[in-house]
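File shown here: run_2.txt, holding compact mmCIF, C-alpha atoms and all ligand atoms.
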```txt
# COMPACT_ATOMS: atom_id res chain seq x y z
CA MET T 1 -12.89 9.25 0.06
CA GLN T 2 -13.01 13.01 -0.05
CA LYS T 3 -16.07 14.37 -1.89
CA ASN T 4 -16.74 17.82 -3.42
CA ALA T 5 -13.09 18.72 -3.05
CA LEU T 6 -13.22 21.24 -5.90
CA GLN T 7 -16.04 23.20 -4.25
CA ARG T 8 -14.07 23.36 -1.03
CA LEU T 9 -11.29 25.35 -2.70
CA PRO T 10 -11.41 29.17 -2.66
CA ALA T 11 -13.14 30.39 -5.87
CA THR T 12 -9.92 31.81 -7.34
CA TRP T 13 -8.25 28.43 -6.98
CA GLN T 14 -11.24 26.64 -8.54
CA HIS T 15 -10.85 28.80 -11.64
CA TRP T 16 -7.08 28.30 -11.65
CA VAL T 17 -7.51 24.51 -11.57
CA ILE T 18 -10.09 24.45 -14.35
CA GLU T 19 -8.12 26.84 -16.55
CA ASN T 20 -4.82 25.03 -16.19
CA LEU T 21 -6.30 21.59 -16.77
CA ALA T 22 -7.99 22.96 -19.90
CA LYS T 23 -4.57 24.17 -21.09
CA GLY T 24 -3.32 20.61 -20.76
CA CYS T 25 -1.00 21.18 -17.76
CA ASP T 26 0.28 18.12 -15.91
CA PRO T 27 -1.97 17.45 -12.88
CA GLU T 28 0.98 16.34 -10.73
CA GLU T 29 2.74 19.67 -11.33
CA LEU T 30 -0.45 21.57 -10.60
CA ALA T 31 -0.86 19.64 -7.33
CA MET T 32 2.70 20.56 -6.37
CA LYS T 33 2.06 24.26 -7.03
CA MET T 34 -1.21 24.14 -5.11
CA GLU T 35 0.50 22.57 -2.12
CA ARG T 36 3.26 25.16 -2.25
CA ASP T 37 1.16 28.29 -2.84
CA GLY T 38 -2.38 27.51 -1.69
CA PRO T 39 -3.99 27.67 1.74
CA PHE T 40 -4.81 23.93 1.79
CA ASP T 41 -3.04 20.61 1.84
CA ARG T 42 -1.95 18.33 -0.95
CA THR T 43 -4.76 15.85 -0.27
CA LEU T 44 -7.45 18.38 -1.06
CA ALA T 45 -5.48 19.64 -4.06
CA GLU T 46 -5.19 16.17 -5.61
CA PHE T 47 -8.84 15.34 -5.11
CA ALA T 48 -9.93 18.71 -6.51
CA LEU T 49 -7.76 18.18 -9.59
CA ALA T 50 -9.11 14.66 -10.10
CA GLU T 51 -12.69 15.95 -9.83
CA ALA T 52 -12.10 18.88 -12.18
CA HIS T 53 -10.42 16.60 -14.69
CA LEU T 54 -13.32 14.17 -14.59
CA GLN T 55 -15.86 16.99 -15.04
CA SER T 56 -14.10 18.53 -18.01
CA HIS T 57 -13.06 15.34 -19.84
CA PRO T 58 -15.69 12.71 -18.96
CA GLU T 59 -14.98 10.80 -22.18
CA SER T 60 -11.20 10.97 -22.12
CA PHE T 61 -10.63 10.56 -18.43
CA VAL T 62 -8.15 7.76 -18.26
CA ARG T 63 -7.51 7.56 -14.58
CA PRO T 64 -6.15 4.05 -14.27
CA PRO T 65 -8.09 1.46 -12.30
CA LEU T 66 -6.51 1.22 -8.87
CA PRO T 67 -6.92 -1.15 -5.94
CA GLU T 68 -9.40 0.33 -3.47
CA ILE T 69 -11.28 -0.73 -0.36
CA ASP T 70 -14.85 0.33 0.35
CA THR T 71 -14.75 2.13 3.68
CA THR T 72 -18.25 3.62 3.64
CA ALA T 73 -19.28 1.36 6.56
CA ASN T 74 -17.45 -0.11 9.54
CA LYS T 75 -17.72 -3.66 8.22
CA ILE T 76 -17.03 -5.21 4.83
CA ALA T 77 -18.79 -8.45 3.89
CA LEU T 78 -16.41 -10.47 1.74
CA PRO T 79 -17.58 -13.74 0.16
CA ASP T 80 -16.12 -15.82 3.02
CA ARG T 81 -15.62 -13.41 5.93
CA VAL T 82 -16.81 -10.13 7.43
CA VAL T 83 -13.90 -7.81 8.24
CA ASP T 84 -13.78 -4.65 10.36
CA VAL T 85 -12.77 -1.22 9.07
CA LEU T 86 -10.72 0.37 11.86
CA LEU T 87 -9.11 3.37 10.15
CA SER T 88 -9.42 5.05 6.76
CA VAL T 89 -7.08 7.76 5.42
CA ALA T 90 -7.70 9.44 2.03
CA ILE T 91 -4.21 10.44 0.86
CA PRO T 92 -2.02 8.55 1.06
CA ARG T 93 -4.78 5.97 0.84
CA ILE T 94 -4.43 3.81 3.94
CA VAL T 95 -6.97 1.42 5.45
CA LEU T 96 -6.52 -0.57 8.66
CA LEU T 97 -8.71 -3.65 8.95
CA GLY T 98 -9.41 -6.11 11.74
CA ASN T 99 -10.42 -9.75 11.63
CA VAL T 100 -9.15 -10.40 8.09
CA LEU T 101 -7.70 -13.78 9.12
CA SER T 102 -8.70 -16.06 11.99
CA ASP T 103 -6.09 -17.00 14.61
CA ASP T 104 -5.96 -20.51 13.12
CA GLU T 105 -5.32 -19.13 9.64
CA CYS T 106 -2.50 -16.92 10.98
CA ASP T 107 -0.91 -19.88 12.78
CA ALA T 108 -1.23 -22.11 9.71
CA MET T 109 0.49 -19.53 7.50
CA ALA T 110 3.33 -19.09 9.98
CA GLU T 111 3.70 -22.88 10.23
CA LEU T 112 3.70 -23.34 6.44
CA SER T 113 6.63 -20.95 6.08
CA ARG T 114 8.51 -21.96 9.25
CA SER T 115 11.37 -23.88 7.61
CA ARG T 116 11.78 -21.39 4.72
CA PHE T 117 12.94 -18.24 6.45
CA ALA T 118 16.25 -16.71 5.34
CA ARG T 119 17.79 -13.27 5.89
CA SER T 120 15.72 -10.63 4.03
CA LYS T 121 17.01 -8.70 1.05
CA THR T 122 16.24 -5.36 -0.57
CA ILE T 123 16.49 -4.33 -4.22
CA ASP T 124 19.48 -2.18 -5.20
CA ASN T 125 18.01 0.69 -7.24
CA ASP T 126 21.11 1.06 -9.42
CA SER T 127 21.72 -2.56 -10.38
CA GLY T 128 18.31 -4.11 -9.70
CA VAL T 129 20.07 -6.89 -7.80
CA GLU T 130 18.63 -8.14 -4.50
CA ARG T 131 21.09 -7.94 -1.64
CA HIS T 132 21.38 -8.06 2.14
CA ASP T 133 20.95 -4.61 3.62
CA VAL T 134 21.39 -3.23 7.17
CA ALA T 135 18.15 -1.33 6.58
CA ARG T 136 16.21 -4.63 6.61
CA THR T 137 17.23 -7.08 9.31
CA SER T 138 14.22 -9.41 9.26
CA GLU T 139 13.99 -12.87 7.68
CA SER T 140 11.83 -13.61 4.59
CA ALA T 141 9.95 -16.61 3.22
CA HIS T 142 7.67 -16.97 0.21
CA ILE T 143 4.36 -18.77 -0.18
CA GLN T 144 3.33 -19.35 -3.78
CA ARG T 145 -0.10 -18.28 -5.01
CA GLY T 146 -2.59 -21.08 -4.43
CA GLU T 147 0.08 -23.26 -2.82
CA THR T 148 -2.49 -24.83 -0.46
CA ASP T 149 -6.27 -24.52 -0.19
CA LEU T 150 -5.80 -22.10 2.67
CA VAL T 151 -3.41 -19.91 0.66
CA ALA T 152 -5.82 -19.91 -2.31
CA ARG T 153 -8.65 -18.88 0.02
CA ILE T 154 -6.59 -16.03 1.49
CA ASP T 155 -5.44 -14.85 -1.95
CA ALA T 156 -9.09 -14.80 -3.11
CA ARG T 157 -10.18 -12.95 0.05
CA LEU T 158 -7.56 -10.24 -0.46
CA ALA T 159 -8.53 -9.92 -4.13
CA ALA T 160 -12.18 -9.40 -3.13
CA LEU T 161 -11.13 -6.92 -0.43
CA ALA T 162 -9.11 -4.66 -2.74
CA GLY T 163 -11.10 -5.29 -5.95
CA TRP T 164 -7.92 -6.57 -7.58
CA PRO T 165 -7.39 -9.84 -9.51
CA VAL T 166 -5.43 -12.66 -7.84
CA ALA T 167 -3.23 -12.92 -10.95
CA HIS T 168 -2.17 -9.25 -10.66
CA ALA T 169 -0.35 -9.84 -7.38
CA GLU T 170 2.92 -11.24 -6.14
CA PRO T 171 3.06 -14.39 -4.05
CA LEU T 172 2.77 -13.75 -0.31
CA GLN T 173 6.10 -12.69 1.16
CA LEU T 174 6.42 -13.40 4.87
CA GLN T 175 8.68 -11.39 7.15
CA LYS T 176 9.81 -12.51 10.59
CA TYR T 177 11.31 -9.97 13.02
CA GLN T 178 12.92 -10.92 16.32
CA ALA T 179 13.83 -8.36 19.00
CA GLY T 180 16.05 -5.70 17.42
CA ASN T 181 14.98 -6.45 13.83
CA GLU T 182 13.47 -3.70 11.69
CA TYR T 183 12.87 -2.43 8.19
CA ARG T 184 13.91 1.21 7.98
CA PRO T 185 11.85 3.84 6.08
CA HIS T 186 11.38 2.96 2.40
CA VAL T 187 8.69 2.94 -0.27
CA ASP T 188 7.33 -0.24 -1.87
CA TRP T 189 6.90 1.27 -5.38
CA PHE T 190 9.61 1.07 -8.00
CA ASP T 191 11.00 4.42 -9.17
CA PRO T 192 10.86 4.24 -13.01
CA ALA T 193 13.66 6.86 -13.20
CA LEU T 194 16.22 4.56 -11.58
CA PRO T 195 18.22 2.11 -13.69
CA GLY T 196 17.79 -0.96 -11.45
CA THR T 197 14.00 -0.91 -11.41
CA ALA T 198 13.30 -1.66 -15.10
CA LYS T 199 13.55 -5.41 -14.73
CA HIS T 200 11.17 -5.34 -11.75
CA LEU T 201 8.67 -3.16 -13.62
CA ASP T 202 8.89 -5.42 -16.68
CA LYS T 203 7.24 -8.25 -14.82
CA GLY T 204 3.83 -7.09 -13.59
CA GLY T 205 4.34 -3.33 -13.79
CA GLN T 206 4.14 -1.03 -10.77
CA ARG T 207 3.32 -2.15 -7.23
CA LEU T 208 0.07 -0.20 -6.99
CA GLY T 209 -0.92 -1.41 -3.56
CA THR T 210 0.45 -3.15 -0.48
CA ILE T 211 -1.47 -5.36 1.92
CA ILE T 212 0.33 -6.32 5.13
CA LEU T 213 -1.27 -9.19 7.04
CA TYR T 214 -0.31 -9.30 10.70
CA LEU T 215 0.11 -12.97 11.59
CA THR T 216 1.16 -12.34 15.22
CA ASP T 217 0.66 -9.82 17.97
CA VAL T 218 3.91 -8.16 19.07
CA GLU T 219 4.59 -7.65 22.77
CA GLU T 220 6.49 -4.38 22.36
CA GLY T 221 7.58 -2.31 19.37
CA GLY T 222 7.33 -3.57 15.80
CA GLY T 223 4.70 -1.13 14.57
CA THR T 224 4.30 -0.13 10.95
CA SER T 225 5.11 3.56 10.82
CA PHE T 226 4.45 6.28 8.21
CA PRO T 227 6.95 8.94 9.34
CA GLY T 228 5.85 11.50 6.72
CA ILE T 229 2.33 11.72 8.12
CA GLY T 230 2.96 10.77 11.76
CA LEU T 231 0.96 7.53 11.73
CA ASP T 232 1.99 4.37 13.61
CA ILE T 233 0.02 1.13 13.47
CA HIS T 234 0.58 -1.52 16.12
CA PRO T 235 0.26 -5.08 14.77
CA GLN T 236 -2.81 -7.02 15.79
CA LYS T 237 -2.96 -10.71 14.93
CA GLY T 238 -5.43 -11.32 12.10
CA GLY T 239 -5.53 -7.64 11.11
CA ALA T 240 -4.37 -6.13 7.83
CA LEU T 241 -3.03 -2.81 6.65
CA PHE T 242 -3.73 -1.71 3.08
CA PHE T 243 -2.04 1.25 1.45
CA ARG T 244 -2.12 2.41 -2.13
CA ASN T 245 1.32 3.29 -3.42
CA THR T 246 0.02 5.86 -5.90
CA THR T 247 -1.80 9.17 -5.97
CA PRO T 248 -5.35 9.24 -7.46
CA PHE T 249 -3.61 9.77 -10.84
CA GLY T 250 -1.79 6.46 -10.54
CA LEU T 251 1.69 7.96 -10.01
CA PRO T 252 4.05 6.84 -7.23
CA ASP T 253 3.22 8.57 -3.94
CA LYS T 254 6.16 9.64 -1.75
CA LYS T 255 3.80 10.00 1.19
CA THR T 256 3.68 6.20 1.41
CA LEU T 257 7.15 6.20 2.99
CA HIS T 258 6.89 3.62 5.77
CA ALA T 259 8.97 1.47 8.10
CA GLY T 260 8.75 -1.66 10.20
CA LEU T 261 9.83 -0.25 13.58
CA PRO T 262 12.30 -2.29 15.63
CA VAL T 263 10.67 -5.11 17.57
CA GLU T 264 11.51 -4.62 21.23
CA LYS T 265 9.99 -7.75 22.73
CA GLY T 266 8.43 -10.83 21.15
CA THR T 267 8.33 -11.99 17.54
CA LYS T 268 6.54 -10.25 14.68
CA ILE T 269 5.44 -12.18 11.60
CA ILE T 270 3.69 -10.46 8.70
CA ALA T 271 2.72 -11.52 5.18
CA ASN T 272 3.04 -8.92 2.40
CA LYS T 273 0.82 -9.03 -0.68
CA TRP T 274 1.85 -6.58 -3.40
CA LEU T 275 -0.84 -5.70 -5.93
CA ARG T 276 0.62 -5.14 -9.40
CA GLU T 277 -0.55 -3.17 -12.39
CA LYS T 278 -0.51 -6.20 -14.70
CA PRO T 279 -0.50 -9.98 -14.38
CA TYR T 280 2.50 -11.14 -12.38
O1 LIG M 301 7.16 -4.71 8.98
C1 LIG M 301 6.36 -3.85 8.63
O2 LIG M 301 5.46 -3.46 9.40
C2 LIG M 301 6.48 -3.24 7.27
C3 LIG M 301 7.12 -4.16 6.27
C4 LIG M 301 7.38 -3.54 4.96
O3 LIG M 301 7.20 -2.37 4.78
C5 LIG M 301 7.86 -4.36 3.81
O4 LIG M 301 8.15 -5.54 4.01
O5 LIG M 301 7.94 -3.81 2.69
FE FE M 302 7.31 -1.82 2.74
```
Please go through the file and, once you have read it, give me the structure as structure tokens.
Ligand SMILES: O=C(O)CCC(=O)C(=O)O
Ligand SMILES: [Fe+2]
Amino acid sequence: MQKNALQRLPATWQHWVIENLAKGCDPEELAMKMERDGPFDRTLAEFALAEAHLQSHPESFVRPPLPEIDTTANKIALPDRVVDVLLSVAIPRIVLLGNVLSDDECDAMAELSRSRFARSKTIDNDSGVERHDVARTSESAHIQRGETDLVARIDARLAALAGWPVAHAEPLQLQKYQAGNEYRPHVDWFDPALPGTAKHLDKGGQRLGTIILYLTDVEEGGGTSFPGIGLDIHPQKGGALFFRNTTPFGLPDKKTLHAGLPVEKGTKIIANKWLREKPY
């Protein structure tokens, strides 16, 4: 993560940050103004604000605990597997990992869900109802938490990876894309301002983080794309993509806009694990 962000700001902006936080201004609004008016990007602004806030209110700093992956080295030793850190982005927080699942584990997960796939749905933000949507043309299947020993092992591995309890996560949701299938740009977090999201927030709170497990390679196409920051990830069997759906202050982050690009050749199977604020 970005260190000494406050010191990297021009002195006038350092004072501005400290003064406005002391006045009780909303850090998200300050970050917006800094992005608009300052000679630096939003990433640096958010980290500087978080640092200044922590320095001035060490006792009252209530930054919520968030899922996070330790990317200080190029390998992470989990209790049952060593995984590779391939890419680390600060804001939006994105980590690409290799070797999270073995080929056999990927195949076993795909086999377990094989007979369950049905056309995917999305959540209507006005009504909260799940419905078929041209924006998502893949097929979905669910695997319950701890459904088999293998699933329990994978759930525990992901919990250790992101420092997030197994019980604060949804069951694995598998997605299968054939040639031509895609999931157009969307965010995974629920917008609390929209009427249809209340019932989804009621159970488990916000989706703070997403882990996508790539269960297959894809011959052509089918990348996971973040159009707002120009980042495309090509699926690699056994790899995983983590992104945190919130800013360092725990609020929904629009920069996490992402898509499953159309598969051009081959079949893509992924498993999504959504990390929730509260027990799910
Ligand atoms: O298919 C992908 O790479 C992304 C899937 C996704 O964003 C989702 O299922 O929410
Ligand atoms: Fe998504």
- [ ] Could you pull out the residues sitting within 9 Å of ligand FE 302 (chain M), using only C-alpha atoms and all ligand atoms, and write them as number ranges by chain?
- [x] T: 183-189, 210, 212, 224, 256-260, 272
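For Gly38 of chain T, the residues within 9 Å (counting all atoms listed in the file, excluding itself and residues fewer than 5 positions away along the chain) are T:Trp13, T:Lys33, T:Ala45.
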Using only C-alpha atoms, find each residue in segment 113-179 of chain T having at least one atom no more than 10 Å away from segment 87-105 of chain T; report its shortest atom-to-atom pair and that distance in Å (one decimal), rows by chain then rising number, as CSV.
```
residue,atom,partner,partner_atom,distance
T:Leu150,CA,T:Glu105,CA,7.6
T:Val151,CA,T:Glu105,CA,9.2
T:Ile154,CA,T:Leu101,CA,8.0
T:Arg157,CA,T:Val100,CA,8.5
T:Leu158,CA,T:Val100,CA,8.7
T:Leu161,CA,T:Val100,CA,9.4
```
Selection export as a PDB file, keeping the file's coordinate frame, atoms kept: C-alpha atoms:
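The resulting file, selection.pdb, is shown below:
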```pdb
ATOM      1  CA  LEU T 150      -5.800 -22.100   2.670  1.00  0.00           C
ATOM      2  CA  VAL T 151      -3.410 -19.910   0.660  1.00  0.00           C
ATOM      3  CA  ILE T 154      -6.590 -16.030   1.490  1.00  0.00           C
ATOM      4  CA  ARG T 157     -10.180 -12.950   0.050  1.00  0.00           C
ATOM      5  CA  LEU T 158      -7.560 -10.240  -0.460  1.00  0.00           C
ATOM      6  CA  LEU T 161     -11.130  -6.920  -0.430  1.00  0.00           C
TER       7      LEU T 161
END
```
Six-sided padding of 6 Å per side, axis-aligned box over ligand LIG 301 (chain M), centre and edges in Å, one decimal, as lines of an AutoDock Vina configuration file:
```
center_x = 6.8
center_y = -4.0
center_z = 6.0
size_x = 14.7
size_y = 15.2
size_z = 18.7
```
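Atom pair atom CA of Asp41 of chain T / atom CA of Trp164 of chain T has a distance of 29.2 Å (rounded to one decimal).
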Open item on the list: Taking 3 positions as the minimum chain separation for residues in the same chain, which residues sit within 10 Å of Val218 of chain T when counting all atoms listed in the file? Answer as a VMD selection string.
Closed with: chain T and resid 177 to 179 214 to 215 221 to 223 234 to 237 263 to 269
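Of the listed residues (T:Gly146, T:Lys121, T:Pro192, T:Ala162), T:Lys121 comes nearest to ligand LIG 301 (chain M); the distances count all atoms listed in the file.
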Task: Distance of atom CA of His200 of chain T from atom CA of Ala50 of chain T, expressed in Å to one decimal place - done: 28.5 Å
